[in-house]
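Below is one structure, written out as structure tokens; the observations come after it.
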Amino acid sequence: MTKIKTHLNRRSFLKLSAAGGAGLMLQFSWFSSLASENPTIEEAFDLNGYIKIATDGTVTIASPNPEVGQNVKTSMPMIVAEELDVDWKNVKVVQAPLNTAIFTRQLAGGSRSINESWNALRMAGATARHMLVQAAAKSWGVPASEIKVNAGTLTHNANGKTATFGEMASAASNIEVPKEVDVKDIKDFKIIRKSHLNVDGPSITTGKPVFGLDVYGENMVYASIVHPPAFGMKLESYDASEALSMKGVDSVFTIDVYPDDYERNRFDISAFPQLIVITGDSTWRIMKAKKTIKANWVPFSAYTVKMEGNSNGEKVPSGTENTEAHYTEMIKKSKENAKQVRKDGNPEKAFSEAAKVIERSYTAPYLAHSPLEPLNFYANVTADKAELIGPIQTPEFMEKSVAKRLGMNLDQIDIQMTRIGGGFGRKLFGHYLVEAALISQKLKKPVKLIYTREDDMTFGAYRPTYQATFRAALDKDNNMVAFHVKTGGIPESPLFANRFPAGAVPNYLAESWTIDSNITTAAFRAPRSNFMGAVEQAFLDEVAELAGKDPIDFRLELFDNAIKKPVGNKNDYEAKRYAGVLKLIKEKSNWGTSKNGLSRGVAAYFCHDSYVANVVDLKMVDGKPIIEKVHCAVDCGIVVNPVAAANMVEGGSVDGIGHALYSMLSLKGGVPQQRNYNDYHLIRNNDAPHDVEVHFVESDVHPTGLGEPPFAPAIGALANALYKETGKRYYHQPFMMDIESKYLQSEANV
Amino acid sequence: MALYTINVNGKNHQVDVDSDTPVLWVLRDNLRLLGTKYGCGIAHCGVCTIHMDGEAIRSCAYPISSVENKKIVTIEGLSENGDHPVQKAWIEHDVPQCGYCQAGQIMSAASLLAQNPNPSDEEIRRAMNGNLCRCATYTRINKAIKTASKEM
Amino acid sequence: MLMDFRTTSLKFRKHSVIFLFSAALFSAFVLACKAKTGSNGEYTSLPEAKKQDSLASIAAFKDVYSVLMHPRCMNCHPIGDIPLQGDDSHLHNMLPQRGPDGKGIASMKCANCHAPKGVPGDHTPPGNPKWHLPPADMKMVFQGKSARELALQLVNPELNGHKDMQALREHAEDTLVKSGWNMGGDRELPPLSYEEFKKVWYTWIDNGAYAPSN
């Protein structure tokens, strides 16, 4: 067994009990109305904030993090249950309240939920188990070391004593929380590494109201917003007389979500700090009425947003921007001097002396996250309390933001996490939560704020648009001796200077540039990696071809360099694990064979501490790719819940492929040109790969990210398979649109 | 504004709403049947799919005035105990990720199987093409429909 | 006799490019027709029509054609089995299939989204109680048809849904035809108003339903 330090203490536990009231661990005012969420338990004892054990043996485990579809609501409690050593069928799972004193990093983002909470979750289970054992030892008068625990039962063989957790829960709740506890050996896991079905599966498949949009409070009013139609514009004046004359409309007013002098935190992104609000007695009536509001929008002058921890703030340029101009600017920038971020060896010399040099450029557009559940939040703000319920990936950050903005104390803010109907990064940025709170505070009424799809898609906080130019040099023996990446975007650069092939080539240069913009952007599933992984892997395919090498063998040679004599000491990845997923995909996909006229492409990428390799098998029919199969090999350390982990990899791969093929958010005069799913294309069932096969590397390593790593390599493998099939390289996403003739003209590929 | 009688999950409800109110908002705002979701409002995403006389209609595109004398079934009424073959198959294949689109997917799948109990892979993909899944669980959706078809 | 004529004269180009008219070009066609009056295969007329005025009929058909080839009409008369959509006549999102009766297939029927009466708003599905494509055994394709091909198809009961001239005339009153002018949102309207369309439709038919020369 391994000993780990606990961070729970009596104080934090007591705080939680006080917050929950009446000694109950959880007191969800809204969720308590859901029978399936909160079954009536006669008497239950709180052991440490995560775990409550009822006298009948039912164990309620609180899942601390927001559930956005990554399945933490099942996998996190599984880890607790493992260390507690309880039978999973006696476990009930509830969503934990926001409580930073007890829980670690209550955030859904960065693919770090399991990674960062792994020890805390094990500790929570092990602590409770320890307390139950101590209670039994005390009650039976035997040494704790002689008590065995198995699936919710405590036994002492020598004197034949046995008790269920339920029977010992009361006594255990009085045991002091230990300073350190033993956790299991990985080989003894009984729950972790075995597939467990989604705990919310029955609720989801029967339509239980578990999402933010499903929160309806007593006497609430419905609210919607009107924002400037273009980036670069702000409100001058408006006329809502027609709307106000319509049935069911209560009020129209403006709110300053983030006033000019307000210091925002990094999740307070909003391009439109002032909004028109309309409220009324039903969703439909305000949706209809808001279309009649006549607003006068005017261009704003450049300004600076005050940012916490950044004394310079963030500059917001004026003007209305166009996609066409963006592409022109990016190409221009790609040919100017850029900021050097990493340099190994002597790249200039290596390129000039090379036997072969290849240079290629790539672009990708803005993307709208567009989770199917649009932005929405429920708020009931009174003089002394703000009850805020809805879908939010960053409750910890938004608690602070909203408290500051409402002028309330942190302990007056009660953010309750609902299931999130998709986020992909968009719901990290909680301006809509602040908006709902401000509306409720102003009206002194409970409010349900809902964005229409059009509001959601045209509000900004997009995946940035990117450009990258790569160069590679081969010596006369076709070894890659130099690699140069120069990349940037609007407004951020996607560069990861210390990722592969850094460390694997003797001469390496990474450069970066950016272009300012007033179009807001936000983390999008696998931020920056979603572009770099895709294009770097497409480029390496061309380099391998130029070298006359098999694309897997070519990469394995490079990893061999990185293992045997790594260049530099700041390389982010473990070359051995990287090579491991390539070897696994080679074996599992029967690489080197071909099957019924399908073309194959391969790619591998490292991000969020995990390694994913893909092989895509496709053919073109009537100008459209029919993707028969995506093979995935994944090394994410210990796989907590295989069935859900595979689901995440399947979805992540298809999501990457879908966006690369079809999706683009473009702008004209600052106006988003796509407003809804009629013109913003997401991958649909009929376009999706027919099969996705997932293989995990067996590993005892600390678990790492899974929601994001599969996205980028799937795109790389897709691009490489498309080349095999069509003989054409795809440099510009989305592949199913002719970006070169639409936006890049002759400068398409330098 | 007018009084409309709407039959949902075997029960008649009287609602007092504007005649152009989409059934979606009547279900959600008036009847508090919240399993039917809002996603796009233009019948492009399928998360609001319900059954009207067995057909998988988009409730955001049907005004209340067009469903009188029709039998509406929502996800809440698809089966008594959540045990419609499609619901069971969804659980078995652990289909949902975020889960937001799944009620609509299930309603489309149930209507498909009622009309074609043994669809081919191709027929499934085409029949389900009106339902977006932003988490892209399409392969599991299609496998679950295959499984459910064995029970139809 | 008429049937014989039709069966011998009908030649459909399978994937003909949409034919674009200019007024000048069209006048040239009419002149060409006049010069060849009586020569089979250049244009056709209908013996049961009240009048036989090929010039008036063909001139009217020019306007009829501009309406029928407009996205509001043509989108539901596609070459393939998937309807078209939007002012640019792209393949309908979600790729709904025609189905044997033209009403779609299983959980992807036209009426699943196209209610008897639509919900107001941009890009909401237009409503109509009969929303459908022509059935699989009578596809009545407009897309890609030249004016001549379309005119010949329209007057042929074996290709027009078994309509005689009277039924064809009355088809202008069909609720689905009318809905082309009433789809709501920001959709572009056909080039003629509905009343204007009806006028040229009748003019075309009442003067002999002549098909212009190609």
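Convention: chains lettered A, B, ... in structure tokens order; per-chain residue numbering from 1; ligands numbered from 1 as shown.
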
Determine, for each residue of chain A having at least one atom at most 8 Å from an atom of chain B, the closest pair of atoms and their separation in Å to one decimal, counting only C-alpha atoms; order by chain and ascending number, as a Markdown table.
| residue | atom | partner | partner_atom | distance |
| --- | --- | --- | --- | --- |
| A:Glu67 | CA | B:Cys98 | CA | 7.6 |
| A:Val68 | CA | B:Cys98 | CA | 5.5 |
| A:Gly69 | CA | B:Cys98 | CA | 3.4 |
| A:Gln70 | CA | B:Gln97 | CA | 6.4 |
| A:Asn71 | CA | B:Gln97 | CA | 6.7 |
| A:Leu197 | CA | B:Asp94 | CA | 5.9 |
| A:Asn198 | CA | B:Asp94 | CA | 6.4 |
| A:Gly201 | CA | B:Ile91 | CA | 6.0 |
| A:Pro202 | CA | B:Ile91 | CA | 7.1 |
| A:Ile204 | CA | B:Gly99 | CA | 6.0 |
| A:Thr205 | CA | B:Gln87 | CA | 5.8 |
| A:Thr206 | CA | B:Gly82 | CA | 5.6 |
| A:Gly207 | CA | B:Gly35 | CA | 3.8 |
| A:Lys208 | CA | B:Gly35 | CA | 5.8 |
| A:Pro209 | CA | B:Leu34 | CA | 5.6 |
| A:Phe211 | CA | B:Tyr100 | CA | 7.6 |
| A:Asp214 | CA | B:Leu34 | CA | 5.9 |
| A:Ser282 | CA | B:Asp29 | CA | 6.6 |
| A:Thr283 | CA | B:Trp25 | CA | 6.9 |
| A:Trp284 | CA | B:Thr21 | CA | 6.4 |
| A:Pro371 | CA | B:Arg134 | CA | 6.3 |
| A:Leu372 | CA | B:Gly39 | CA | 5.3 |
| A:Glu373 | CA | B:Gly39 | CA | 6.0 |
| A:Pro374 | CA | B:Gly39 | CA | 6.7 |
| A:Arg419 | CA | B:Cys98 | CA | 7.6 |
| A:Ile420 | CA | B:Cys98 | CA | 6.5 |
| A:Gly421 | CA | B:Tyr100 | CA | 4.9 |
| A:Gly422 | CA | B:Cys98 | CA | 5.5 |
| A:Thr452 | CA | B:Cys40 | CA | 7.3 |
| A:Arg453 | CA | B:Cys40 | CA | 5.1 |
| A:Glu454 | CA | B:Cys40 | CA | 7.8 |
| A:Val643 | CA | B:Asp94 | CA | 7.4 |
| A:Ala644 | CA | B:Asp94 | CA | 7.4 |
| A:Asn647 | CA | B:Thr137 | CA | 7.3 |
| A:Met648 | CA | B:Gln97 | CA | 7.6 |
| A:Glu650 | CA | B:Thr137 | CA | 7.2 |
| A:Gly651 | CA | B:Ala136 | CA | 4.7 |
| A:Gly652 | CA | B:Cys135 | CA | 7.4 |
| A:Val654 | CA | B:Ala136 | CA | 6.0 |
| A:Asp655 | CA | B:Ala136 | CA | 5.8 |
| A:Asn676 | CA | B:Cys40 | CA | 6.7 |
| A:Tyr677 | CA | B:His44 | CA | 5.9 |
| A:Asn678 | CA | B:His44 | CA | 6.4 |
| A:Leu682 | CA | B:Arg134 | CA | 7.6 |
| A:Ile683 | CA | B:Leu132 | CA | 7.7 |
| A:Arg684 | CA | B:Leu132 | CA | 5.8 |
| A:Asn685 | CA | B:Asn129 | CA | 5.1 |
| A:Asn686 | CA | B:Arg125 | CA | 4.8 |
| A:Ala688 | CA | B:Tyr138 | CA | 6.9 |
| A:Pro689 | CA | B:Thr139 | CA | 7.4 |
| A:His690 | CA | B:Thr139 | CA | 6.4 |
| A:Asp691 | CA | B:Thr139 | CA | 6.0 |
| A:Val692 | CA | B:Thr139 | CA | 7.1 |

Output file for the residues above (C-alpha atoms, as a short mmCIF file (atom, residue, chain, number, x, y, z; two decimals), in the first residue's frame):
data_model
loop_
_atom_site.label_atom_id
_atom_site.label_comp_id
_atom_site.auth_asym_id
_atom_site.auth_seq_id
_atom_site.Cartn_x
_atom_site.Cartn_y
_atom_site.Cartn_z
CA GLU A 67 -20.15 17.05 -15.82
CA VAL A 68 -19.93 18.21 -19.39
CA GLY A 69 -20.10 14.84 -21.08
CA GLN A 70 -16.63 13.66 -20.13
CA ASN A 71 -18.29 11.20 -17.73
CA LEU A 197 -22.31 2.50 -17.12
CA ASN A 198 -23.00 6.22 -16.95
CA GLY A 201 -27.86 7.07 -18.27
CA PRO A 202 -31.36 6.32 -16.97
CA ILE A 204 -30.86 11.01 -19.80
CA THR A 205 -32.72 8.29 -21.68
CA THR A 206 -35.99 9.06 -19.94
CA GLY A 207 -35.77 12.83 -20.26
CA LYS A 208 -35.24 13.81 -16.64
CA PRO A 209 -34.54 17.53 -16.21
CA PHE A 211 -29.48 20.14 -17.62
CA ASP A 214 -34.17 22.50 -17.40
CA SER A 282 -42.43 32.89 -21.68
CA THR A 283 -39.45 31.95 -23.82
CA TRP A 284 -41.34 32.15 -27.10
CA PRO A 371 -22.73 23.08 -27.74
CA LEU A 372 -26.29 21.90 -28.37
CA GLU A 373 -27.42 23.34 -25.06
CA PRO A 374 -27.18 27.08 -25.72
CA ARG A 419 -25.26 18.58 -16.03
CA ILE A 420 -23.83 20.58 -18.95
CA GLY A 421 -25.30 19.99 -22.41
CA GLY A 422 -21.92 20.25 -24.09
CA THR A 452 -31.18 31.65 -28.84
CA ARG A 453 -28.94 29.56 -31.09
CA GLU A 454 -28.29 32.68 -33.13
CA VAL A 643 -16.49 1.94 -21.64
CA ALA A 644 -16.68 5.68 -21.08
CA ASN A 647 -16.73 6.71 -25.87
CA MET A 648 -14.65 9.84 -25.28
CA GLU A 650 -14.65 7.80 -30.38
CA GLY A 651 -16.43 11.12 -30.01
CA GLY A 652 -13.22 13.14 -29.89
CA VAL A 654 -15.27 12.10 -34.96
CA ASP A 655 -15.49 15.64 -33.57
CA ASN A 676 -27.43 28.65 -36.95
CA TYR A 677 -27.01 25.04 -38.08
CA ASN A 678 -28.51 25.79 -41.48
CA LEU A 682 -21.43 20.18 -37.97
CA ILE A 683 -20.76 16.59 -38.84
CA ARG A 684 -23.97 14.55 -39.03
CA ASN A 685 -24.67 10.87 -38.66
CA ASN A 686 -24.52 10.14 -42.38
CA ALA A 688 -19.61 10.27 -39.57
CA PRO A 689 -17.08 7.44 -39.64
CA HIS A 690 -18.94 4.16 -39.78
CA ASP A 691 -16.81 2.65 -37.07
CA VAL A 692 -14.28 3.79 -34.51
#

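DSSP, applied to the backbone of this structure, assigns strand (DSSP E or B) to the following residues of region 41-134 of chain B: Thr49, Ile50, His51, Met52, Glu55, Ala56, Ile57, Arg58, Pro63, Lys71, Ile72 and Val73 of chain B.
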
Next on the checklist: If we count only C-alpha atoms and set the cut-off at 8 Å, which residues sit around region 601-608 of chain A, ignoring sequence neighbours fewer than 2 positions away in its own chain? Please answer as a ChimeraX atom specification.
Outcome noted: /A:110-112,499,526,529,533,537-538,551-552,573,578,581-582,599,610-617,704-706,708-709,712-714,716-722,724

Dump as a tab-separated table the rows for residues of chain C within 9 Å of chain A: closest atom pair and distance in Å with one decimal, only C-alpha atoms counted, ordered by chain and rising residue number.
residue	atom	partner	partner_atom	distance
C:Asn93	CA	A:Asn678	CA	7.0
C:Met94	CA	A:Arg684	CA	7.5
C:Leu95	CA	A:Asn686	CA	8.7
C:Pro120	CA	A:Lys288	CA	8.6
C:Gly121	CA	A:Lys288	CA	8.4
C:His123	CA	A:Asn678	CA	7.4

Any chance you could export the current selection's all heavy atoms as a PDB file, in the first residue's frame?
ATOM      1  N   ASN C  93     -30.037  20.388 -46.306  1.00  0.00           N
ATOM      2  CA  ASN C  93     -29.318  19.897 -45.129  1.00  0.00           C
ATOM      3  C   ASN C  93     -29.991  18.641 -44.622  1.00  0.00           C
ATOM      4  O   ASN C  93     -31.200  18.475 -44.758  1.00  0.00           O
ATOM      5  CB  ASN C  93     -29.345  20.948 -44.014  1.00  0.00           C
ATOM      6  CG  ASN C  93     -28.350  22.066 -44.273  1.00  0.00           C
ATOM      7  OD1 ASN C  93     -27.382  21.859 -44.985  1.00  0.00           O
ATOM      8  ND2 ASN C  93     -28.601  23.227 -43.722  1.00  0.00           N
ATOM      9  N   MET C  94     -29.220  17.781 -44.005  1.00  0.00           N
ATOM     10  CA  MET C  94     -29.707  16.515 -43.427  1.00  0.00           C
ATOM     11  C   MET C  94     -30.030  15.481 -44.497  1.00  0.00           C
ATOM     12  O   MET C  94     -30.416  14.371 -44.184  1.00  0.00           O
ATOM     13  CB  MET C  94     -30.959  16.676 -42.571  1.00  0.00           C
ATOM     14  CG  MET C  94     -30.877  17.710 -41.522  1.00  0.00           C
ATOM     15  SD  MET C  94     -32.541  18.297 -41.184  1.00  0.00           S
ATOM     16  CE  MET C  94     -32.334  19.996 -41.578  1.00  0.00           C
ATOM     17  N   LEU C  95     -29.965  15.876 -45.773  1.00  0.00           N
ATOM     18  CA  LEU C  95     -30.192  14.954 -46.881  1.00  0.00           C
ATOM     19  C   LEU C  95     -31.443  14.087 -46.751  1.00  0.00           C
ATOM     20  O   LEU C  95     -31.367  12.858 -46.811  1.00  0.00           O
ATOM     21  CB  LEU C  95     -28.962  14.043 -47.068  1.00  0.00           C
ATOM     22  CG  LEU C  95     -27.604  14.759 -47.090  1.00  0.00           C
ATOM     23  CD1 LEU C  95     -26.475  13.745 -47.253  1.00  0.00           C
ATOM     24  CD2 LEU C  95     -27.532  15.795 -48.200  1.00  0.00           C
ATOM     25  N   PRO C 120     -43.048  31.229 -37.425  1.00  0.00           N
ATOM     26  CA  PRO C 120     -42.387  32.384 -38.023  1.00  0.00           C
ATOM     27  C   PRO C 120     -40.914  32.468 -37.638  1.00  0.00           C
ATOM     28  O   PRO C 120     -40.520  32.001 -36.576  1.00  0.00           O
ATOM     29  CB  PRO C 120     -43.163  33.577 -37.443  1.00  0.00           C
ATOM     30  CG  PRO C 120     -43.845  33.056 -36.221  1.00  0.00           C
ATOM     31  CD  PRO C 120     -44.091  31.605 -36.463  1.00  0.00           C
ATOM     32  N   GLY C 121     -40.113  33.057 -38.529  1.00  0.00           N
ATOM     33  CA  GLY C 121     -38.700  33.244 -38.220  1.00  0.00           C
ATOM     34  C   GLY C 121     -37.826  32.966 -39.422  1.00  0.00           C
ATOM     35  O   GLY C 121     -38.268  32.339 -40.380  1.00  0.00           O
ATOM     36  N   HIS C 123     -35.268  31.082 -41.567  1.00  0.00           N
ATOM     37  CA  HIS C 123     -34.781  29.709 -41.721  1.00  0.00           C
ATOM     38  C   HIS C 123     -35.597  28.662 -40.975  1.00  0.00           C
ATOM     39  O   HIS C 123     -35.168  27.522 -40.835  1.00  0.00           O
ATOM     40  CB  HIS C 123     -33.299  29.594 -41.329  1.00  0.00           C
ATOM     41  CG  HIS C 123     -32.440  30.595 -42.039  1.00  0.00           C
ATOM     42  ND1 HIS C 123     -32.251  30.561 -43.398  1.00  0.00           N
ATOM     43  CD2 HIS C 123     -31.769  31.672 -41.588  1.00  0.00           C
ATOM     44  CE1 HIS C 123     -31.482  31.578 -43.749  1.00  0.00           C
ATOM     45  NE2 HIS C 123     -31.191  32.277 -42.681  1.00  0.00           N
TER      46      HIS C 123
END

Next on the checklist: If the cut-off is 10 Å, can you tell me the residues of chain C near chain B, counting only C-alpha atoms? I'd like them as number ranges by chain.
Outcome noted: C: 93-97, 104-127, 129

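Taking CA of Thr323 (chain A) as the reference point, CA of Ser370 (chain A) is found at 19.3 Å.
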
Checklist entry - Between CA of Tyr366 (chain A) and CA of Pro464 (chain A), what is the distance, to one decimal in Å? => result 5.1 Å

Next on the checklist: Quick one: residues within 7 Å of region 59-65 of chain C, only C-alpha atoms, excluding same-chain residues fewer than 6 positions away - as an MDAnalysis selection string?
Outcome noted: chainID C and resid 147 197 200:201 203:204

Keeping all heavy atoms for every residue in the selection just given, could you write it to a file as an mmCIF file, in the first residue's frame?
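Listing of out33.cif after writing:
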data_model
loop_
_atom_site.group_PDB
_atom_site.id
_atom_site.type_symbol
_atom_site.label_atom_id
_atom_site.label_comp_id
_atom_site.auth_asym_id
_atom_site.auth_seq_id
_atom_site.Cartn_x
_atom_site.Cartn_y
_atom_site.Cartn_z
ATOM 1 N N ALA C 147 -35.953 25.179 -71.171
ATOM 2 C CA ALA C 147 -37.345 25.641 -71.246
ATOM 3 C C ALA C 147 -38.163 24.661 -72.079
ATOM 4 O O ALA C 147 -39.293 24.295 -71.729
ATOM 5 C CB ALA C 147 -37.394 27.034 -71.840
ATOM 6 N N PHE C 197 -47.782 35.314 -62.007
ATOM 7 C CA PHE C 197 -47.462 33.953 -62.433
ATOM 8 C C PHE C 197 -48.699 33.258 -62.992
ATOM 9 O O PHE C 197 -48.678 32.616 -64.037
ATOM 10 C CB PHE C 197 -46.895 33.134 -61.274
ATOM 11 C CG PHE C 197 -46.812 31.659 -61.583
ATOM 12 C CD1 PHE C 197 -45.863 31.175 -62.484
ATOM 13 C CD2 PHE C 197 -47.705 30.753 -61.020
ATOM 14 C CE1 PHE C 197 -45.797 29.819 -62.800
ATOM 15 C CE2 PHE C 197 -47.653 29.399 -61.332
ATOM 16 C CZ PHE C 197 -46.703 28.930 -62.223
ATOM 17 N N VAL C 200 -49.480 34.414 -66.491
ATOM 18 C CA VAL C 200 -48.649 33.881 -67.585
ATOM 19 C C VAL C 200 -48.842 32.368 -67.736
ATOM 20 O O VAL C 200 -48.770 31.816 -68.839
ATOM 21 C CB VAL C 200 -47.147 34.229 -67.414
ATOM 22 C CG1 VAL C 200 -46.940 35.726 -67.552
ATOM 23 C CG2 VAL C 200 -46.598 33.706 -66.100
ATOM 24 N N TRP C 201 -49.122 31.730 -66.637
ATOM 25 C CA TRP C 201 -49.400 30.282 -66.671
ATOM 26 C C TRP C 201 -50.615 30.014 -67.553
ATOM 27 O O TRP C 201 -50.595 29.184 -68.455
ATOM 28 C CB TRP C 201 -49.621 29.793 -65.237
ATOM 29 C CG TRP C 201 -49.949 28.338 -65.051
ATOM 30 C CD1 TRP C 201 -51.184 27.834 -64.724
ATOM 31 C CD2 TRP C 201 -49.072 27.215 -65.154
ATOM 32 N NE1 TRP C 201 -51.118 26.464 -64.595
ATOM 33 C CE2 TRP C 201 -49.823 26.053 -64.870
ATOM 34 C CE3 TRP C 201 -47.703 27.080 -65.465
ATOM 35 C CZ2 TRP C 201 -49.285 24.767 -64.866
ATOM 36 C CZ3 TRP C 201 -47.163 25.803 -65.466
ATOM 37 C CH2 TRP C 201 -47.951 24.673 -65.173
ATOM 38 N N THR C 203 -51.935 32.125 -69.691
ATOM 39 C CA THR C 203 -51.654 32.588 -71.062
ATOM 40 C C THR C 203 -50.924 31.501 -71.843
ATOM 41 O O THR C 203 -51.224 31.211 -72.995
ATOM 42 C CB THR C 203 -50.805 33.881 -71.036
ATOM 43 O OG1 THR C 203 -51.476 34.833 -70.218
ATOM 44 C CG2 THR C 203 -50.601 34.443 -72.431
ATOM 45 N N TRP C 204 -49.958 30.915 -71.187
ATOM 46 C CA TRP C 204 -49.188 29.845 -71.851
ATOM 47 C C TRP C 204 -50.118 28.691 -72.261
ATOM 48 O O TRP C 204 -50.125 28.255 -73.406
ATOM 49 C CB TRP C 204 -48.091 29.337 -70.908
ATOM 50 C CG TRP C 204 -47.377 28.115 -71.429
ATOM 51 C CD1 TRP C 204 -46.693 28.036 -72.601
ATOM 52 C CD2 TRP C 204 -47.315 26.819 -70.815
ATOM 53 N NE1 TRP C 204 -46.190 26.756 -72.765
ATOM 54 C CE2 TRP C 204 -46.556 25.997 -71.681
ATOM 55 C CE3 TRP C 204 -47.810 26.286 -69.622
ATOM 56 C CZ2 TRP C 204 -46.301 24.652 -71.390
ATOM 57 C CZ3 TRP C 204 -47.538 24.955 -69.327
ATOM 58 C CH2 TRP C 204 -46.803 24.148 -70.214
#

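Relative to CA of Met736 (chain A), CA of Phe470 (chain A) is found at 22.7 Å.
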
Next on the checklist: Which of region 506-616 of chain A end up as helix (DSSP H, G or I) when DSSP is run on this backbone - answer as a PyMOL selection string?
Outcome noted: chain A and resi 529-547+551-564+575-588

Checklist entry - Using only C-alpha atoms, which residue out of C:Asp137, C:Asp164, C:Asp174, C:Glu196 lies closest to Ser66 (chain C)? => result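 Selected residue with least distance to Ser66 (chain C): C:Glu196.
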
Item to check | For Glu492 (chain A), the nearest of the candidates A:Glu308, A:Glu557, A:Asp516, A:Asp738, counting only C-alpha atoms | outcome: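 Closest to Glu492 (chain A) of all the choices is A:Asp516.
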
Item to check | Selection: 6 Å around Asp101 (chain C), only C-alpha atoms, excl. self and same-chain fewer than 2 positions, as a PyMOL selection string | outcome: chain C and resi 99+103+135

Export C-alpha atoms of the chosen residues as an mmCIF file, in the first residue's frame?
data_model
loop_
_atom_site.group_PDB
_atom_site.id
_atom_site.type_symbol
_atom_site.label_atom_id
_atom_site.label_comp_id
_atom_site.auth_asym_id
_atom_site.auth_seq_id
_atom_site.Cartn_x
_atom_site.Cartn_y
_atom_site.Cartn_z
ATOM 1 C CA GLY C 99 -39.144 8.013 -50.564
ATOM 2 C CA LYS C 103 -42.993 12.314 -48.503
ATOM 3 C CA PRO C 135 -43.239 10.686 -55.982
#

Checklist entry - If we count only C-alpha atoms, what is near region 166-168 of chain C at a cut-off of 9 Å, once residues fewer than 5 positions away on the same chain are taken out, given as JSON, numbers by chain? => result {"C": [154, 155, 160, 205]}

Keeping only C-alpha atoms, take the residues you just selected and write them out as a short mmCIF file (atom, residue, chain, number, x, y, z; two decimals), in the first residue's frame.
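Writing done, so here's part29.cif:
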data_model
loop_
_atom_site.label_atom_id
_atom_site.label_comp_id
_atom_site.auth_asym_id
_atom_site.auth_seq_id
_atom_site.Cartn_x
_atom_site.Cartn_y
_atom_site.Cartn_z
CA LEU C 154 -45.42 19.79 -68.16
CA VAL C 155 -47.93 18.98 -70.87
CA ASN C 160 -46.87 15.61 -65.15
CA ILE C 205 -51.78 27.08 -71.58
#

Checklist entry - Could you pull the residues within 6 Å of Ala338 (chain A), counting only C-alpha atoms, minus those fewer than 6 positions along the same chain, as a list of chain:residue names? => result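 Result of the neighbour search: A:Glu511, A:Ser512, A:Trp513.
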
Would you save the residues of that selection, restricted to all heavy atoms, as a PDB file, in the first residue's frame?
ATOM      1  N   GLU A 511       9.043  29.542 -34.290  1.00  0.00           N
ATOM      2  CA  GLU A 511       8.770  30.980 -34.259  1.00  0.00           C
ATOM      3  C   GLU A 511       7.269  31.224 -34.182  1.00  0.00           C
ATOM      4  O   GLU A 511       6.479  30.418 -34.665  1.00  0.00           O
ATOM      5  CB  GLU A 511       9.319  31.646 -35.527  1.00  0.00           C
ATOM      6  CG  GLU A 511      10.824  31.549 -35.667  1.00  0.00           C
ATOM      7  CD  GLU A 511      11.280  32.175 -36.973  1.00  0.00           C
ATOM      8  OE1 GLU A 511      11.003  31.610 -38.052  1.00  0.00           O
ATOM      9  OE2 GLU A 511      11.893  33.244 -36.908  1.00  0.00           O
ATOM     10  N   SER A 512       6.958  32.381 -33.634  1.00  0.00           N
ATOM     11  CA  SER A 512       5.566  32.647 -33.315  1.00  0.00           C
ATOM     12  C   SER A 512       5.190  34.086 -33.619  1.00  0.00           C
ATOM     13  O   SER A 512       6.011  34.985 -33.451  1.00  0.00           O
ATOM     14  CB  SER A 512       5.394  32.365 -31.809  1.00  0.00           C
ATOM     15  OG  SER A 512       4.060  32.364 -31.451  1.00  0.00           O
ATOM     16  N   TRP A 513       3.976  34.307 -34.051  1.00  0.00           N
ATOM     17  CA  TRP A 513       3.472  35.671 -34.269  1.00  0.00           C
ATOM     18  C   TRP A 513       1.978  35.702 -33.924  1.00  0.00           C
ATOM     19  O   TRP A 513       1.323  34.650 -33.859  1.00  0.00           O
ATOM     20  CB  TRP A 513       3.702  36.126 -35.709  1.00  0.00           C
ATOM     21  CG  TRP A 513       3.226  35.139 -36.756  1.00  0.00           C
ATOM     22  CD1 TRP A 513       3.982  34.192 -37.382  1.00  0.00           C
ATOM     23  CD2 TRP A 513       1.896  34.994 -37.277  1.00  0.00           C
ATOM     24  NE1 TRP A 513       3.211  33.456 -38.256  1.00  0.00           N
ATOM     25  CE2 TRP A 513       1.924  33.937 -38.218  1.00  0.00           C
ATOM     26  CE3 TRP A 513       0.682  35.650 -37.037  1.00  0.00           C
ATOM     27  CZ2 TRP A 513       0.781  33.510 -38.917  1.00  0.00           C
ATOM     28  CZ3 TRP A 513      -0.453  35.231 -37.733  1.00  0.00           C
ATOM     29  CH2 TRP A 513      -0.388  34.166 -38.665  1.00  0.00           C
TER      30      TRP A 513
END
